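One structure is given here, and the rest of the page talks about it.
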Amino acid sequence: MHPDGSIAPMSGRTSQERWSIIGTQPVIPLNNGVELPALGFGVFQTPPDVTQAAVEEALRVGYRMVDTAASYHNEPEVGAAIAASGLRRSDLFVQTKVWVSNYSHDGALHAFDVSTRKLGVDYIDLYMLHQPLPQDFNATVGAYQALEQLLGEGRVRAIGVSNLSVAHLATFLPRVSVVPAVNQIEAHPYYNQPELRREHARLGIATQAWSPLGGVYVYRPGDADAVKNALTDPAITTIADRYGKTAAQIVLRWHIDSGRSAIPKSVNPTRIAENLDVFDFTLTADELAIIDALNTGVRGGPNQDAIDFRTLDRTIPN
Ligand code: A2P
């Protein structure tokens, strides 16, 4: 614990990775002073018909950050759960993303209006570009400039990006005014992107891990080349046994102790609660290094530079 009350991850990594505690949950200070809860609830791949129940359960057991996206097609159900929770808006951290079909200045402003209406909120805590369009960086920058405008107008508390690589950041940053507060990227034990995270630390961008448990591999069961399930890796289960925790809890703690925000997805009430029960222990620097060393460098999600954008879903309902 530092004298200022914040605590550093035991690995003592970069200054960007300092974090503090509000209430009972750790938060990561963003580059504009806004505090991002380290752990949030993800709804990627959660079908709309089960989203409301899952988010209601998550909020009931204590999650205070929810991550969705226009392209997940479940913003209305997330909004219904927020409304049903009875929580004050100011006690929640709501993040969503602009989809590529709205990548222009006016398109992104329109997307913001649609997302806030669906979510039933009048501001977004963290509004992100869903991914770069490397083949149309002008559109990517145009959409981000709309986010900058929303930030200036106080309609979002922080703005960010998702799935930008080191090379994308190098192209992107000279063309924008506000350094993104967050880059949400694929990060889990078998793919943890150390070079990109070092660049984030240098630039003052917080790292948020999508598919933090490595569920992205589960989504591709037919892919023989997909890396296997990290939750059964002996390196992780050995640490889990040491703490009387599950492998998923160890992986989430690894993210948090490394200064990353993580947004695990689950539709199962037991696992929803399990994934939040990670605030009563910390990993040692050696344990963090053991998990870091599992990195295969093989991503589970798409390579942004290889996507054919003509095949992307352009049917976000307004
Ligand atoms: P389910 O929704 O049935 O719980 P990620 O967020 O890394 O993509 O991982 C999500 C995947 O991992 C989903 O398949 C989810 O299934 C599963 N999952 C979520 N929490 C746990 C957990 N604590 N233990 C095992 N699997 C989990």
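Numbering starts fresh at 1 for the residues of each chain in the structure tokens, the chains themselves are lettered A, B, ... in the order given, and ligands are numbered from 1 as they appear.
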When the cut-off is 9 Å and you count only C-alpha atoms and all ligand atoms, which residues lie near ligand 1, shown as an mmCIF file with all heavy atoms, in the first residue's frame?
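So the final result, stored in selection.cif, reads:
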data_model
loop_
_atom_site.group_PDB
_atom_site.id
_atom_site.type_symbol
_atom_site.label_atom_id
_atom_site.label_comp_id
_atom_site.auth_asym_id
_atom_site.auth_seq_id
_atom_site.Cartn_x
_atom_site.Cartn_y
_atom_site.Cartn_z
ATOM 1 N N PHE A 41 -18.374 -6.686 -16.077
ATOM 2 C CA PHE A 41 -19.163 -7.809 -16.564
ATOM 3 C C PHE A 41 -19.306 -7.695 -18.074
ATOM 4 O O PHE A 41 -19.795 -6.686 -18.584
ATOM 5 C CB PHE A 41 -20.536 -7.796 -15.890
ATOM 6 C CG PHE A 41 -21.345 -9.029 -16.182
ATOM 7 C CD1 PHE A 41 -20.932 -10.267 -15.726
ATOM 8 C CD2 PHE A 41 -22.517 -8.951 -16.915
ATOM 9 C CE1 PHE A 41 -21.660 -11.414 -15.994
ATOM 10 C CE2 PHE A 41 -23.267 -10.091 -17.190
ATOM 11 C CZ PHE A 41 -22.826 -11.325 -16.729
ATOM 12 N N GLY A 42 -18.885 -8.725 -18.788
ATOM 13 C CA GLY A 42 -18.942 -8.706 -20.246
ATOM 14 C C GLY A 42 -20.153 -9.453 -20.778
ATOM 15 O O GLY A 42 -20.582 -10.453 -20.189
ATOM 16 N N VAL A 43 -20.689 -8.956 -21.885
ATOM 17 C CA VAL A 43 -21.845 -9.625 -22.497
ATOM 18 C C VAL A 43 -21.619 -9.933 -23.981
ATOM 19 O O VAL A 43 -22.578 -10.140 -24.717
ATOM 20 C CB VAL A 43 -23.159 -8.820 -22.302
ATOM 21 C CG1 VAL A 43 -23.533 -8.759 -20.835
ATOM 22 C CG2 VAL A 43 -23.060 -7.420 -22.897
ATOM 23 N N PHE A 44 -20.350 -9.984 -24.392
ATOM 24 C CA PHE A 44 -20.075 -10.438 -25.761
ATOM 25 C C PHE A 44 -20.489 -11.903 -25.866
ATOM 26 O O PHE A 44 -20.177 -12.697 -24.982
ATOM 27 C CB PHE A 44 -18.587 -10.292 -26.070
ATOM 28 C CG PHE A 44 -18.188 -10.871 -27.403
ATOM 29 C CD1 PHE A 44 -18.841 -10.483 -28.562
ATOM 30 C CD2 PHE A 44 -17.164 -11.800 -27.495
ATOM 31 C CE1 PHE A 44 -18.477 -11.014 -29.801
ATOM 32 C CE2 PHE A 44 -16.787 -12.336 -28.725
ATOM 33 C CZ PHE A 44 -17.456 -11.944 -29.875
ATOM 34 N N GLN A 45 -21.209 -12.254 -26.893
ATOM 35 C CA GLN A 45 -21.685 -13.617 -27.126
ATOM 36 C C GLN A 45 -22.846 -13.993 -26.209
ATOM 37 O O GLN A 45 -23.251 -15.154 -26.164
ATOM 38 C CB GLN A 45 -20.556 -14.668 -26.961
ATOM 39 C CG GLN A 45 -19.419 -14.512 -27.942
ATOM 40 C CD GLN A 45 -19.721 -15.160 -29.289
ATOM 41 O OE1 GLN A 45 -20.760 -15.761 -29.458
ATOM 42 N NE2 GLN A 45 -18.824 -15.000 -30.239
ATOM 43 N N THR A 46 -23.356 -13.032 -25.427
ATOM 44 C CA THR A 46 -24.528 -13.324 -24.596
ATOM 45 C C THR A 46 -25.773 -13.009 -25.421
ATOM 46 O O THR A 46 -25.989 -11.854 -25.807
ATOM 47 C CB THR A 46 -24.512 -12.478 -23.311
ATOM 48 O OG1 THR A 46 -23.290 -12.746 -22.604
ATOM 49 C CG2 THR A 46 -25.695 -12.818 -22.422
ATOM 50 N N ALA A 187 -6.737 -10.311 -24.464
ATOM 51 C CA ALA A 187 -5.653 -10.632 -23.524
ATOM 52 C C ALA A 187 -6.120 -11.716 -22.569
ATOM 53 O O ALA A 187 -7.152 -11.586 -21.908
ATOM 54 C CB ALA A 187 -5.223 -9.394 -22.741
ATOM 55 N N HIS A 188 -5.392 -12.794 -22.538
ATOM 56 C CA HIS A 188 -5.653 -13.932 -21.646
ATOM 57 C C HIS A 188 -4.344 -14.701 -21.540
ATOM 58 O O HIS A 188 -3.359 -14.343 -22.223
ATOM 59 C CB HIS A 188 -6.812 -14.777 -22.181
ATOM 60 C CG HIS A 188 -6.775 -14.992 -23.665
ATOM 61 N ND1 HIS A 188 -5.932 -15.893 -24.252
ATOM 62 C CD2 HIS A 188 -7.422 -14.374 -24.683
ATOM 63 C CE1 HIS A 188 -6.088 -15.854 -25.572
ATOM 64 N NE2 HIS A 188 -6.976 -14.926 -25.862
ATOM 65 N N ALA A 209 -8.812 -6.057 -20.918
ATOM 66 C CA ALA A 209 -8.714 -7.369 -21.562
ATOM 67 C C ALA A 209 -10.083 -7.874 -21.971
ATOM 68 O O ALA A 209 -10.960 -8.038 -21.116
ATOM 69 C CB ALA A 209 -8.071 -8.365 -20.597
ATOM 70 N N TRP A 210 -10.258 -8.113 -23.272
ATOM 71 C CA TRP A 210 -11.476 -8.830 -23.660
ATOM 72 C C TRP A 210 -11.162 -10.318 -23.755
ATOM 73 O O TRP A 210 -10.033 -10.702 -23.978
ATOM 74 C CB TRP A 210 -12.142 -8.268 -24.895
ATOM 75 C CG TRP A 210 -11.494 -8.306 -26.259
ATOM 76 C CD1 TRP A 210 -10.981 -7.233 -26.940
ATOM 77 C CD2 TRP A 210 -11.360 -9.432 -27.160
ATOM 78 N NE1 TRP A 210 -10.524 -7.630 -28.177
ATOM 79 C CE2 TRP A 210 -10.755 -8.966 -28.343
ATOM 80 C CE3 TRP A 210 -11.701 -10.781 -27.074
ATOM 81 C CZ2 TRP A 210 -10.466 -9.802 -29.426
ATOM 82 C CZ3 TRP A 210 -11.413 -11.621 -28.153
ATOM 83 C CH2 TRP A 210 -10.818 -11.126 -29.306
ATOM 84 N N SER A 211 -12.196 -11.115 -23.523
ATOM 85 C CA SER A 211 -12.022 -12.572 -23.391
ATOM 86 C C SER A 211 -10.935 -12.886 -22.364
ATOM 87 O O SER A 211 -10.001 -13.663 -22.629
ATOM 88 C CB SER A 211 -11.715 -13.234 -24.728
ATOM 89 O OG SER A 211 -12.169 -14.573 -24.716
ATOM 90 N N PRO A 212 -11.028 -12.306 -21.183
ATOM 91 C CA PRO A 212 -9.925 -12.403 -20.219
ATOM 92 C C PRO A 212 -9.645 -13.826 -19.751
ATOM 93 O O PRO A 212 -8.534 -14.118 -19.324
ATOM 94 C CB PRO A 212 -10.401 -11.534 -19.046
ATOM 95 C CG PRO A 212 -11.891 -11.534 -19.154
ATOM 96 C CD PRO A 212 -12.165 -11.549 -20.627
ATOM 97 N N LEU A 213 -10.656 -14.698 -19.846
ATOM 98 C CA LEU A 213 -10.438 -16.083 -19.424
ATOM 99 C C LEU A 213 -9.965 -16.951 -20.584
ATOM 100 O O LEU A 213 -9.686 -18.129 -20.403
ATOM 101 C CB LEU A 213 -11.746 -16.667 -18.856
ATOM 102 C CG LEU A 213 -12.351 -15.908 -17.674
ATOM 103 C CD1 LEU A 213 -13.731 -16.469 -17.323
ATOM 104 C CD2 LEU A 213 -11.419 -15.988 -16.456
ATOM 105 N N GLY A 214 -9.931 -16.373 -21.760
ATOM 106 C CA GLY A 214 -9.571 -17.157 -22.939
ATOM 107 C C GLY A 214 -10.775 -17.833 -23.567
ATOM 108 O O GLY A 214 -10.645 -18.763 -24.368
ATOM 109 N N GLY A 215 -11.954 -17.354 -23.228
ATOM 110 C CA GLY A 215 -13.178 -17.925 -23.791
ATOM 111 C C GLY A 215 -13.224 -17.830 -25.305
ATOM 112 O O GLY A 215 -13.934 -18.600 -25.950
ATOM 113 N N VAL A 216 -12.447 -16.929 -25.863
ATOM 114 C CA VAL A 216 -12.446 -16.766 -27.323
ATOM 115 C C VAL A 216 -12.084 -18.077 -28.020
ATOM 116 O O VAL A 216 -12.573 -18.361 -29.112
ATOM 117 C CB VAL A 216 -11.484 -15.628 -27.740
ATOM 118 C CG1 VAL A 216 -10.047 -15.931 -27.364
ATOM 119 C CG2 VAL A 216 -11.596 -15.321 -29.224
ATOM 120 N N TYR A 217 -11.285 -18.892 -27.393
ATOM 121 C CA TYR A 217 -10.958 -20.183 -28.013
ATOM 122 C C TYR A 217 -12.164 -21.121 -27.982
ATOM 123 O O TYR A 217 -12.368 -21.920 -28.882
ATOM 124 C CB TYR A 217 -9.790 -20.841 -27.294
ATOM 125 C CG TYR A 217 -8.506 -20.050 -27.384
ATOM 126 C CD1 TYR A 217 -7.809 -19.700 -26.239
ATOM 127 C CD2 TYR A 217 -7.983 -19.662 -28.612
ATOM 128 C CE1 TYR A 217 -6.622 -18.992 -26.311
ATOM 129 C CE2 TYR A 217 -6.806 -18.945 -28.699
ATOM 130 C CZ TYR A 217 -6.124 -18.613 -27.548
ATOM 131 O OH TYR A 217 -4.967 -17.907 -27.617
ATOM 132 N N VAL A 218 -12.957 -20.992 -26.896
ATOM 133 C CA VAL A 218 -14.148 -21.832 -26.766
ATOM 134 C C VAL A 218 -15.132 -21.510 -27.885
ATOM 135 O O VAL A 218 -15.882 -22.369 -28.344
ATOM 136 C CB VAL A 218 -14.809 -21.605 -25.384
ATOM 137 C CG1 VAL A 218 -16.053 -22.478 -25.218
ATOM 138 C CG2 VAL A 218 -13.797 -21.856 -24.265
ATOM 139 N N TYR A 219 -15.122 -20.227 -28.316
ATOM 140 C CA TYR A 219 -16.052 -19.826 -29.354
ATOM 141 C C TYR A 219 -15.670 -20.402 -30.715
ATOM 142 O O TYR A 219 -16.399 -20.248 -31.675
ATOM 143 C CB TYR A 219 -16.109 -18.292 -29.471
ATOM 144 C CG TYR A 219 -16.466 -17.590 -28.178
ATOM 145 C CD1 TYR A 219 -15.819 -16.426 -27.802
ATOM 146 C CD2 TYR A 219 -17.450 -18.104 -27.330
ATOM 147 C CE1 TYR A 219 -16.136 -15.785 -26.618
ATOM 148 C CE2 TYR A 219 -17.764 -17.470 -26.150
ATOM 149 C CZ TYR A 219 -17.102 -16.310 -25.800
ATOM 150 O OH TYR A 219 -17.410 -15.679 -24.630
ATOM 151 N N LEU A 231 -7.841 -22.542 -18.594
ATOM 152 C CA LEU A 231 -8.370 -22.829 -17.253
ATOM 153 C C LEU A 231 -8.042 -24.251 -16.790
ATOM 154 O O LEU A 231 -8.274 -24.597 -15.632
ATOM 155 C CB LEU A 231 -9.878 -22.583 -17.214
ATOM 156 C CG LEU A 231 -10.307 -21.151 -17.572
ATOM 157 C CD1 LEU A 231 -11.811 -20.977 -17.405
ATOM 158 C CD2 LEU A 231 -9.555 -20.120 -16.737
ATOM 159 N N THR A 246 -10.465 -20.948 -7.858
ATOM 160 C CA THR A 246 -10.579 -21.631 -9.146
ATOM 161 C C THR A 246 -9.566 -21.042 -10.131
ATOM 162 O O THR A 246 -9.046 -19.934 -9.926
ATOM 163 C CB THR A 246 -11.991 -21.465 -9.738
ATOM 164 O OG1 THR A 246 -12.175 -20.084 -10.076
ATOM 165 C CG2 THR A 246 -13.074 -21.921 -8.766
ATOM 166 N N ALA A 247 -9.347 -21.779 -11.203
ATOM 167 C CA ALA A 247 -8.426 -21.291 -12.236
ATOM 168 C C ALA A 247 -8.908 -19.958 -12.798
ATOM 169 O O ALA A 247 -8.107 -19.055 -13.057
ATOM 170 C CB ALA A 247 -8.305 -22.331 -13.344
ATOM 171 N N ALA A 248 -10.230 -19.820 -12.984
ATOM 172 C CA ALA A 248 -10.757 -18.556 -13.526
ATOM 173 C C ALA A 248 -10.434 -17.402 -12.576
ATOM 174 O O ALA A 248 -10.069 -16.300 -13.018
ATOM 175 C CB ALA A 248 -12.264 -18.668 -13.738
ATOM 176 N N GLN A 249 -10.569 -17.652 -11.280
ATOM 177 C CA GLN A 249 -10.272 -16.583 -10.310
ATOM 178 C C GLN A 249 -8.790 -16.209 -10.351
ATOM 179 O O GLN A 249 -8.436 -15.032 -10.227
ATOM 180 C CB GLN A 249 -10.695 -17.029 -8.910
ATOM 181 C CG GLN A 249 -12.217 -17.101 -8.756
ATOM 182 C CD GLN A 249 -12.643 -17.764 -7.473
ATOM 183 O OE1 GLN A 249 -12.014 -18.723 -7.005
ATOM 184 N NE2 GLN A 249 -13.728 -17.274 -6.885
ATOM 185 N N ALA A 262 -10.492 -6.190 -16.623
ATOM 186 C CA ALA A 262 -10.957 -7.424 -17.268
ATOM 187 C C ALA A 262 -12.474 -7.485 -17.213
ATOM 188 O O ALA A 262 -13.088 -7.038 -16.239
ATOM 189 C CB ALA A 262 -10.360 -8.647 -16.571
ATOM 190 N N ILE A 263 -13.059 -8.053 -18.262
ATOM 191 C CA ILE A 263 -14.526 -8.071 -18.385
ATOM 192 C C ILE A 263 -15.024 -9.485 -18.706
ATOM 193 O O ILE A 263 -15.537 -9.740 -19.794
ATOM 194 C CB ILE A 263 -14.994 -7.065 -19.455
ATOM 195 C CG1 ILE A 263 -14.127 -7.169 -20.735
ATOM 196 C CG2 ILE A 263 -14.956 -5.631 -18.902
ATOM 197 C CD1 ILE A 263 -14.694 -6.391 -21.913
ATOM 198 N N PRO A 264 -14.879 -10.421 -17.761
ATOM 199 C CA PRO A 264 -15.307 -11.790 -18.032
ATOM 200 C C PRO A 264 -16.800 -11.873 -18.326
ATOM 201 O O PRO A 264 -17.599 -11.178 -17.703
ATOM 202 C CB PRO A 264 -14.970 -12.528 -16.733
ATOM 203 C CG PRO A 264 -14.981 -11.457 -15.682
ATOM 204 C CD PRO A 264 -14.454 -10.229 -16.372
ATOM 205 N N LYS A 265 -17.120 -12.749 -19.268
ATOM 206 C CA LYS A 265 -18.515 -12.997 -19.638
ATOM 207 C C LYS A 265 -18.967 -14.300 -18.992
ATOM 208 O O LYS A 265 -18.231 -15.298 -18.984
ATOM 209 C CB LYS A 265 -18.625 -13.104 -21.160
ATOM 210 C CG LYS A 265 -19.957 -13.612 -21.694
ATOM 211 C CD LYS A 265 -19.986 -15.118 -21.942
ATOM 212 C CE LYS A 265 -21.351 -15.595 -22.410
ATOM 213 N NZ LYS A 265 -21.454 -17.085 -22.461
ATOM 214 N N SER A 266 -20.176 -14.305 -18.446
ATOM 215 C CA SER A 266 -20.802 -15.564 -18.061
ATOM 216 C C SER A 266 -22.314 -15.378 -18.045
ATOM 217 O O SER A 266 -22.799 -14.280 -17.775
ATOM 218 C CB SER A 266 -20.319 -16.040 -16.683
ATOM 219 O OG SER A 266 -20.943 -17.278 -16.395
ATOM 220 N N VAL A 267 -23.021 -16.452 -18.336
ATOM 221 C CA VAL A 267 -24.482 -16.427 -18.188
ATOM 222 C C VAL A 267 -24.904 -17.336 -17.036
ATOM 223 O O VAL A 267 -26.088 -17.525 -16.814
ATOM 224 C CB VAL A 267 -25.192 -16.884 -19.485
ATOM 225 C CG1 VAL A 267 -24.933 -15.878 -20.607
ATOM 226 C CG2 VAL A 267 -24.751 -18.281 -19.913
ATOM 227 N N ASN A 268 -23.918 -17.869 -16.324
ATOM 228 C CA ASN A 268 -24.196 -18.839 -15.265
ATOM 229 C C ASN A 268 -24.051 -18.158 -13.902
ATOM 230 O O ASN A 268 -22.978 -17.640 -13.590
ATOM 231 C CB ASN A 268 -23.195 -19.991 -15.419
ATOM 232 C CG ASN A 268 -23.281 -20.991 -14.310
ATOM 233 O OD1 ASN A 268 -22.931 -20.683 -13.175
ATOM 234 N ND2 ASN A 268 -23.745 -22.177 -14.628
ATOM 235 N N PRO A 269 -25.104 -18.137 -13.085
ATOM 236 C CA PRO A 269 -25.038 -17.397 -11.814
ATOM 237 C C PRO A 269 -23.875 -17.815 -10.923
ATOM 238 O O PRO A 269 -23.251 -16.961 -10.279
ATOM 239 C CB PRO A 269 -26.387 -17.702 -11.151
ATOM 240 C CG PRO A 269 -27.304 -18.004 -12.300
ATOM 241 C CD PRO A 269 -26.454 -18.692 -13.332
ATOM 242 N N THR A 270 -23.549 -19.091 -10.903
ATOM 243 C CA THR A 270 -22.435 -19.533 -10.050
ATOM 244 C C THR A 270 -21.126 -18.933 -10.548
ATOM 245 O O THR A 270 -20.311 -18.418 -9.772
ATOM 246 C CB THR A 270 -22.343 -21.077 -10.052
ATOM 247 O OG1 THR A 270 -23.599 -21.594 -9.612
ATOM 248 C CG2 THR A 270 -21.230 -21.563 -9.151
ATOM 249 N N ARG A 271 -20.924 -18.978 -11.869
ATOM 250 C CA ARG A 271 -19.670 -18.435 -12.426
ATOM 251 C C ARG A 271 -19.662 -16.904 -12.383
ATOM 252 O O ARG A 271 -18.606 -16.289 -12.221
ATOM 253 C CB ARG A 271 -19.452 -18.968 -13.839
ATOM 254 C CG ARG A 271 -19.153 -20.461 -13.858
ATOM 255 C CD ARG A 271 -18.675 -20.946 -15.200
ATOM 256 N NE ARG A 271 -19.734 -21.069 -16.193
ATOM 257 C CZ ARG A 271 -20.513 -22.143 -16.351
ATOM 258 N NH1 ARG A 271 -20.374 -23.187 -15.559
ATOM 259 N NH2 ARG A 271 -21.439 -22.161 -17.298
ATOM 260 N N ILE A 272 -20.836 -16.292 -12.506
ATOM 261 C CA ILE A 272 -20.900 -14.825 -12.384
ATOM 262 C C ILE A 272 -20.385 -14.409 -11.008
ATOM 263 O O ILE A 272 -19.559 -13.491 -10.877
ATOM 264 C CB ILE A 272 -22.353 -14.333 -12.615
ATOM 265 C CG1 ILE A 272 -22.734 -14.488 -14.103
ATOM 266 C CG2 ILE A 272 -22.514 -12.878 -12.162
ATOM 267 C CD1 ILE A 272 -24.220 -14.225 -14.399
ATOM 268 N N ALA A 273 -20.843 -15.103 -9.975
ATOM 269 C CA ALA A 273 -20.398 -14.778 -8.606
ATOM 270 C C ALA A 273 -18.929 -15.153 -8.413
ATOM 271 O O ALA A 273 -18.158 -14.397 -7.809
ATOM 272 C CB ALA A 273 -21.285 -15.507 -7.597
ATOM 273 N N GLU A 274 -18.553 -16.297 -8.938
ATOM 274 C CA GLU A 274 -17.159 -16.767 -8.802
ATOM 275 C C GLU A 274 -16.183 -15.740 -9.378
ATOM 276 O O GLU A 274 -15.151 -15.437 -8.766
ATOM 277 C CB GLU A 274 -17.028 -18.099 -9.548
ATOM 278 C CG GLU A 274 -15.635 -18.671 -9.618
ATOM 279 C CD GLU A 274 -15.606 -19.924 -10.511
ATOM 280 O OE1 GLU A 274 -16.581 -20.720 -10.482
ATOM 281 O OE2 GLU A 274 -14.622 -20.093 -11.247
ATOM 282 N N ASN A 275 -16.535 -15.192 -10.513
ATOM 283 C CA ASN A 275 -15.610 -14.277 -11.193
ATOM 284 C C ASN A 275 -15.459 -12.943 -10.460
ATOM 285 O O ASN A 275 -14.499 -12.214 -10.709
ATOM 286 C CB ASN A 275 -16.069 -14.040 -12.636
ATOM 287 C CG ASN A 275 -15.974 -15.300 -13.483
ATOM 288 O OD1 ASN A 275 -15.310 -16.261 -13.102
ATOM 289 N ND2 ASN A 275 -16.654 -15.311 -14.621
#
Per DSSP on the backbone, what are the helix (DSSP H, G or I) residues of range 189-273 of chain A, as a ChimeraX atom specification?
/A:194-203,215-218,230-232,234-243,247-257,269-273
Please identify every residue of range 125-160 of chain A that has at least one atom no farther than 8 Å from an atom of range 164-177 of chain A, counting only C-alpha atoms, and for each give the shortest atom pair and the distance in Å to one decimal, arranged by chain then increasing number, as CSV.
residue,atom,partner,partner_atom,distance
A:Gln131,CA,A:Leu164,CA,6.6
A:Pro132,CA,A:Leu164,CA,6.2
A:Pro134,CA,A:His168,CA,7.6
A:Phe137,CA,A:Phe172,CA,7.9
A:Val141,CA,A:Val176,CA,7.0
A:Tyr144,CA,A:Val176,CA,7.6
A:Gln145,CA,A:Val176,CA,7.0
A:Glu148,CA,A:Ser177,CA,7.7
Quick check for you: according to DSSP on this backbone, which residues of range 83-223 of chain A are classed as strand (DSSP E)? Reply as JSON, numbers by chain.
{"A": [93, 94, 95, 96, 97, 98, 124, 125, 126, 127, 128, 129, 156, 157, 158, 159, 160, 161, 162, 182, 183, 184, 185, 186, 206, 207, 208, 209, 210]}
Test item: residues at most 9 Å from range 101-113 of chain A, only C-alpha atoms, excluding those fewer than 5 positions along its chain, as a PyMOL selection string
chain A and resi 70+118+122+124+127+129+133+138-147+149-150+312-316+318
Need to verify the contact set: Val78 in chain A, 7 Å, only C-alpha atoms, exclusion of same-chain residues closer than 6 positions in sequence. Can you return it as a PDB file with C-alpha atoms, in the first residue's frame?
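The result, written out as result01.pdb:
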ATOM      1  CA  THR A  51     -28.746 -10.874 -21.266  1.00  0.00           C
ATOM      2  CA  GLN A  52     -31.144  -9.128 -18.901  1.00  0.00           C
ATOM      3  CA  VAL A  55     -26.707  -8.548 -16.063  1.00  0.00           C
ATOM      4  CA  LEU A 119     -29.335   1.506 -22.712  1.00  0.00           C
TER       5      LEU A 119
END
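For the choices A:Leu92, A:Val156, A:Ile205, A:Val100, the atom-to-atom distance to Asn31 in chain A is smallest for A:Ile205 when using only C-alpha atoms.
Across the structure, CA of Asp125 in chain A and CA of Arg157 in chain A are spaced 4.7 Å apart.
If you look at CA of Ser90 in chain A and CA of Val114 in chain A, they are 20.6 Å away from each other.
The nearest approach to Glu57 in chain A among the residues A:Ile82, A:Ala69, A:Leu283, A:Ile307, with only C-alpha atoms taken into account, belongs to A:Ile82.
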